[in-house]
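Worksheet: one structure, shown below.
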Amino acid sequence: MPRTRQELEQIERQNLAPYAQFSGDSRGRKYAEAPPEWRTEYQRDRDRVIHSRAFRRLEYKTQVFLNGTGDHLRTRLTHTIEVAAITRNITRALKLNEDLAETIALAHDLGHSPFGHKGETVLNKLMKRHGGFEHNRHSLRIVEELEQKYPRFPGLNLSWEVREGLVKHYTAYDHPSKRRGFNAKSSSLEAQVANLADEITYYSHDLDDGLDSGLLDERLLNRDVRIWRHAARTVAKEYGALPDEGRRYFIVRCIIDMQVKDVVVTTEKKITEAGVNSVDDVRLQAKPLVAYSPARRELNMELREYLYKNLYYNPVVHEPNLRAVRMLEDLFKYYLKNVNQIGEHARKRVRQVGRERAICDYLAGMTDRYAMQEHARIFGPTA
C-alpha cells in the first residue's frame with residue numbers, strides 16, 4: 001500500500017522537534033483545495049514551485065556574472081538549487097521540516113529581475129512613484145497572482161507558511177517590506193534556515209566563480225581573508241598538495257562545512273536558551289534564532305567586504321551589468337509609450353494594476369537573454 005499523507009504527517013510528529021512547523025498544522029491556503037493523497041501540503045507546494053514558469057526562467061537570469069558569460073558560472077537557477085541543498089542539510093540536523101524549508105529556498109528568488117541585484121535596483125528606481133520594486137515582494141506576487149496554471153485560482157495557491165517565508169526572506173542583500181497578514185515578530189525556523197542558507201551559498205559560490213573567472217587570486221585570498229586562509233590550511237593538512245581545481249573546490253567545500261556547522265551549533269544553543277516548545281513560541285521571538293556565532297559573523301563580514309571590493313565592483317563584472325540594466329531603462333520608457341508591445345497577459349493587467357506596474361511585472365519576468373533580444377529588436381543590435 002502507498003504511504004498516505006496522514007502517515008507522512010504522523011512521521012513528522014514522531015521525528016521532528018516540537019518547534020518544527022508540522023505540515024498537518026498548516027494555516028492552509030487562500031483558496032480551499034482537497035488535500036493531497038500521497039504528499040504533505042509542503043511537498044505539494046515544492047512541486048508547484050518547481051513546475052512554475054518563473055522557476056524555469058531562473059536558468060537564464062544573472063547571479064553575479066551576466067548570463068552567458070561562462071558555461072561553469074552560476075545562474076540564478078543553480079544558485080537556487082544550491083540554497084535548497086544547504087537548507088535541507090541544516091534543517092535535517094536541527095530536526096525541522098525539510099519540505100517546508102526546501103520549498104521556501106526554491107521559491108525565494110522567483111521574483112528576481114534580469115541582470116541580478118543591479119536590475120532590481122533600476123526597476124525600484126523606475127517604480128519609485130508607483131510602489132517601488134523589491135524582489136521578495138515580487139516573488140510573493142508571482143505565487144499569488146502572476147502564475148496562471150490552475151483553473152480555479154490565480155497563482156500557485158501555496159500554503160501560508162511558504163508565503164510567510166517569502167515575505168520575511170532577509171539577508172545582507174535582501175530587506176523585505178512588511179506585508180499585511182504576516183505580522184509575527186519572527187518567521188518559522190524553517191524560513192530562517194532558508195535565509196541563512198542563501199547567505200552561505202552566495203558567499204561560497206561567489207568565491208568559486210570569482211576564482212574560476214580569474215578575477216580573484218588565491219594567493220591574495222590566503223593573505224587577506226581569514227575564512228579562506230583557515231579553510232586552506234585545513235585542506236592542506238588533510239589532503240596535502242592538490243591540483244589547482246581540486247584544491248579550490250575542497251577549500252570552498254570546507255568553508256561551507258564550517259558555516260553549516262557553526263549555524264547548527266549556534267542555533268541549537270539559541271533554541272535551548274529561548275526555551276521555545278512550539279512554532280508559535282518561535283514566532284514570538286524578537287530576533288531570529290537561526291544565526292551564526294559572533295565570531296563567524298565577523299569573518300563573514302570580512303569576506304563580504306572583500307568580495308564587494310574585488311569581485312562585485314570589478315569592471316569586468318560591474319560594467320557589463322551596468323550596460324545591461326540600461327536596457328531595462330530603455331525598455332521601460334519605450335513600453336510606457338507603446339504599451340501594446342508588452343505581452344498579452346501583461347496587457348490584460350494594465351486596467352487592474354496600472355500601466356507602470358504591468359510593465360514592471362513584464363520586465364521583471366524577462367530572462368537576461370530575452371531582455372537583450374527585445375532591446376535589439378526595438379533599438380537595433382548595436383544600441
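By order of appearance in the C-alpha cells: chains A, B, ..., then residues from 1 within every chain, and ligands from 1 in the order shown.
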Could you name the residues that touch region 22-34 of chain A at 6 Å or less, counting only C-alpha atoms, but leaving out those on the same chain fewer than 4 positions away, as an MDAnalysis selection string?
chainID A and resid 9 41 159:160
Restricting it to N, CA, C and O atoms, dump the selection as a compact mmCIF listing (two decimals), in the first residue's frame.
```txt
# COMPACT_ATOMS: atom_id res chain seq x y z
N GLU A 9 2.37 12.75 7.71
CA GLU A 9 2.21 13.73 8.79
C GLU A 9 2.55 13.12 10.15
O GLU A 9 3.15 13.78 11.00
N GLU A 41 1.25 18.78 2.56
CA GLU A 41 0.93 20.07 1.96
C GLU A 41 2.19 20.77 1.45
O GLU A 41 2.18 21.41 0.38
N SER A 159 0.81 27.30 0.47
CA SER A 159 0.40 27.37 1.87
C SER A 159 0.86 28.68 2.51
O SER A 159 1.80 29.33 2.06
N TRP A 160 0.19 29.05 3.60
CA TRP A 160 0.51 30.28 4.32
C TRP A 160 1.96 30.29 4.77
O TRP A 160 2.63 31.33 4.70
```
Got a sec: who's within 10 Å of Pro288 (chain A), counting only C-alpha atoms, leaving out chain neighbours fewer than 6 positions off, as a PyMOL selection string?
chain A and resi 185-189+192-193+267+270-271+282
How would the residues just picked look written out with N, CA and C atoms as a PDB file, in the first residue's frame?
```
ATOM      1  N   LYS A 185       6.507  38.484  14.916  1.00  0.00           N
ATOM      2  CA  LYS A 185       7.838  39.075  15.076  1.00  0.00           C
ATOM      3  C   LYS A 185       8.889  38.302  14.288  1.00  0.00           C
ATOM      4  N   SER A 186       8.800  36.987  14.311  1.00  0.00           N
ATOM      5  CA  SER A 186       9.749  36.139  13.600  1.00  0.00           C
ATOM      6  C   SER A 186       8.997  35.148  12.725  1.00  0.00           C
ATOM      7  N   SER A 187       9.665  34.626  11.722  1.00  0.00           N
ATOM      8  CA  SER A 187       9.093  33.569  10.889  1.00  0.00           C
ATOM      9  C   SER A 187       9.439  32.210  11.489  1.00  0.00           C
ATOM     10  N   SER A 188       8.958  31.163  10.865  1.00  0.00           N
ATOM     11  CA  SER A 188       9.291  29.809  11.311  1.00  0.00           C
ATOM     12  C   SER A 188      10.798  29.586  11.242  1.00  0.00           C
ATOM     13  N   LEU A 189      11.278  28.626  12.006  1.00  0.00           N
ATOM     14  CA  LEU A 189      12.701  28.283  11.939  1.00  0.00           C
ATOM     15  C   LEU A 189      13.082  27.810  10.543  1.00  0.00           C
ATOM     16  N   GLN A 192      13.772  30.802   8.541  1.00  0.00           N
ATOM     17  CA  GLN A 192      15.035  31.391   8.988  1.00  0.00           C
ATOM     18  C   GLN A 192      16.231  30.618   8.438  1.00  0.00           C
ATOM     19  N   VAL A 193      16.121  29.309   8.380  1.00  0.00           N
ATOM     20  CA  VAL A 193      17.206  28.498   7.813  1.00  0.00           C
ATOM     21  C   VAL A 193      17.399  28.833   6.336  1.00  0.00           C
ATOM     22  N   THR A 267      22.574  27.773  16.549  1.00  0.00           N
ATOM     23  CA  THR A 267      21.108  27.778  16.569  1.00  0.00           C
ATOM     24  C   THR A 267      20.565  26.849  17.644  1.00  0.00           C
ATOM     25  N   LYS A 270      20.809  28.637  20.868  1.00  0.00           N
ATOM     26  CA  LYS A 270      19.837  29.719  20.980  1.00  0.00           C
ATOM     27  C   LYS A 270      18.427  29.185  21.235  1.00  0.00           C
ATOM     28  N   ILE A 271      18.080  28.090  20.589  1.00  0.00           N
ATOM     29  CA  ILE A 271      16.757  27.477  20.794  1.00  0.00           C
ATOM     30  C   ILE A 271      16.611  27.035  22.247  1.00  0.00           C
ATOM     31  N   VAL A 282       8.268  30.226  18.614  1.00  0.00           N
ATOM     32  CA  VAL A 282       9.309  30.744  17.721  1.00  0.00           C
ATOM     33  C   VAL A 282       8.887  32.091  17.148  1.00  0.00           C
TER      34      VAL A 282
END
```
Within 10 Å of Asn15 (chain A), counting only C-alpha atoms, which residues show up once you throw out same-chain ones fewer than 3 positions away? Write them as number ranges by chain, please.
A: 10-12, 18, 95-97
Ranking A:Glu98, A:Arg369, A:Val353, A:Arg377 by minimum distance to Glu145 (chain A) and counting only C-alpha atoms, which one comes first?
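Among the listed residues, A:Val353 lies closest to Glu145 (chain A).
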With region 240-262 of chain A as the partner and 10 Å as the cut-off, tabulate the residues of region 286-370 of chain A that qualify, each row holding the nearest pair of atoms and their distance in Å to one decimal, using only C-alpha atoms, sorted by chain and rising number, as a tab-separated table.
```
residue	atom	partner	partner_atom	distance
A:Ala291	CA	A:Asp262	CA	8.5
A:Tyr292	CA	A:Asp262	CA	6.1
A:Ser293	CA	A:Asp262	CA	6.6
A:Ala295	CA	A:Asp262	CA	9.6
A:Arg296	CA	A:Asp262	CA	7.3
A:Arg297	CA	A:Gln259	CA	9.6
A:Asn300	CA	A:Gln259	CA	9.3
```
Taking only C-alpha atoms into account, which of A:Glu329, A:Glu144, A:Glu164, A:Glu302 comes nearest Cys360 (chain A)?
A:Glu329
Running DSSP on the backbone, which parts of region 10-171 of chain A land in alpha helix (DSSP H), as a PyMOL selection string?
chain A and resi 10-15+41-50+53-57+76-94+98-107+116-126+135-141+160-167
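Shortest separation to Arg137 (chain A) among A:His112, A:Arg283, A:Arg355, A:Arg88 occurs at residue A:His112, atoms counted being only C-alpha atoms.
When only C-alpha atoms are used to compute distances to His130 (chain A), the closest of the residues A:Arg57, A:Ile359, A:Asn89, A:Phe153 turns out to be A:Ile359.
You can rank A:Val265, A:Leu284, A:Val225, A:Ala346 by their closest distance to Leu299 (chain A) using only C-alpha atoms, and at the top of that list sits A:Val225.
Between Tyr308 (chain A) and the candidates A:Ala236, A:Ala274, A:Leu207, A:Ile86, the tightest atom-to-atom separation, counting only C-alpha atoms, involves A:Leu207.
For the atom pair formed by CA of Leu100 (chain A) and CA of Arg304 (chain A), the distance is 28.4 Å, given to one decimal.
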Can you work out the spacing between CA of Ala84 (chain A) and CA of Ser52 (chain A) in Å, to one decimal?
16.3 Å
Between CA of His108 (chain A) and CA of Val317 (chain A), what is the distance in Å, rounded to a tenth?
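Going from CA of His108 (chain A) over to CA of Val317 (chain A), I get 23.6 Å.
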Write out as a PyMOL selection string the residues lying within 10 Å of Glu37 (chain A), counting only C-alpha atoms and excluding same-chain residues fewer than 4 positions away.
chain A and resi 2-6+41
Running DSSP on the backbone, which parts of region 61-170 of chain A land in strand (DSSP E or B), as number ranges by chain?
A: 62, 75, 148, 155
Pick out the residues sitting within 12 Å of Asp217 (chain A), and hand them over as a tab-separated table (two decimals) with C-alpha atoms, in the first residue's frame; count only C-alpha atoms, and ignore anything fewer than 5 positions along from it in its own chain.
```tsv
chain	number	residue	atom	x	y	z
A	207	LEU	CA	34.35	32.82	-4.27
A	208	ASP	CA	34.29	29.80	-6.59
A	209	ASP	CA	33.08	31.78	-9.61
A	210	GLY	CA	35.50	34.61	-8.89
A	211	LEU	CA	38.42	32.19	-8.94
A	212	ASP	CA	37.09	30.35	-11.99
A	222	ASN	CA	45.22	33.49	1.56
A	223	ARG	CA	46.76	36.79	2.55
A	224	ASP	CA	43.67	38.93	3.11
A	225	VAL	CA	40.68	36.72	4.00
A	228	TRP	CA	39.76	31.34	3.25
A	244	ASP	CA	44.52	23.79	-8.52
A	248	ARG	CA	39.93	25.27	-4.69
A	306	TYR	CA	36.47	41.67	0.18
A	307	LEU	CA	34.03	40.35	-2.45
A	310	ASN	CA	37.45	42.73	-5.60
A	311	LEU	CA	34.60	40.99	-7.42
```
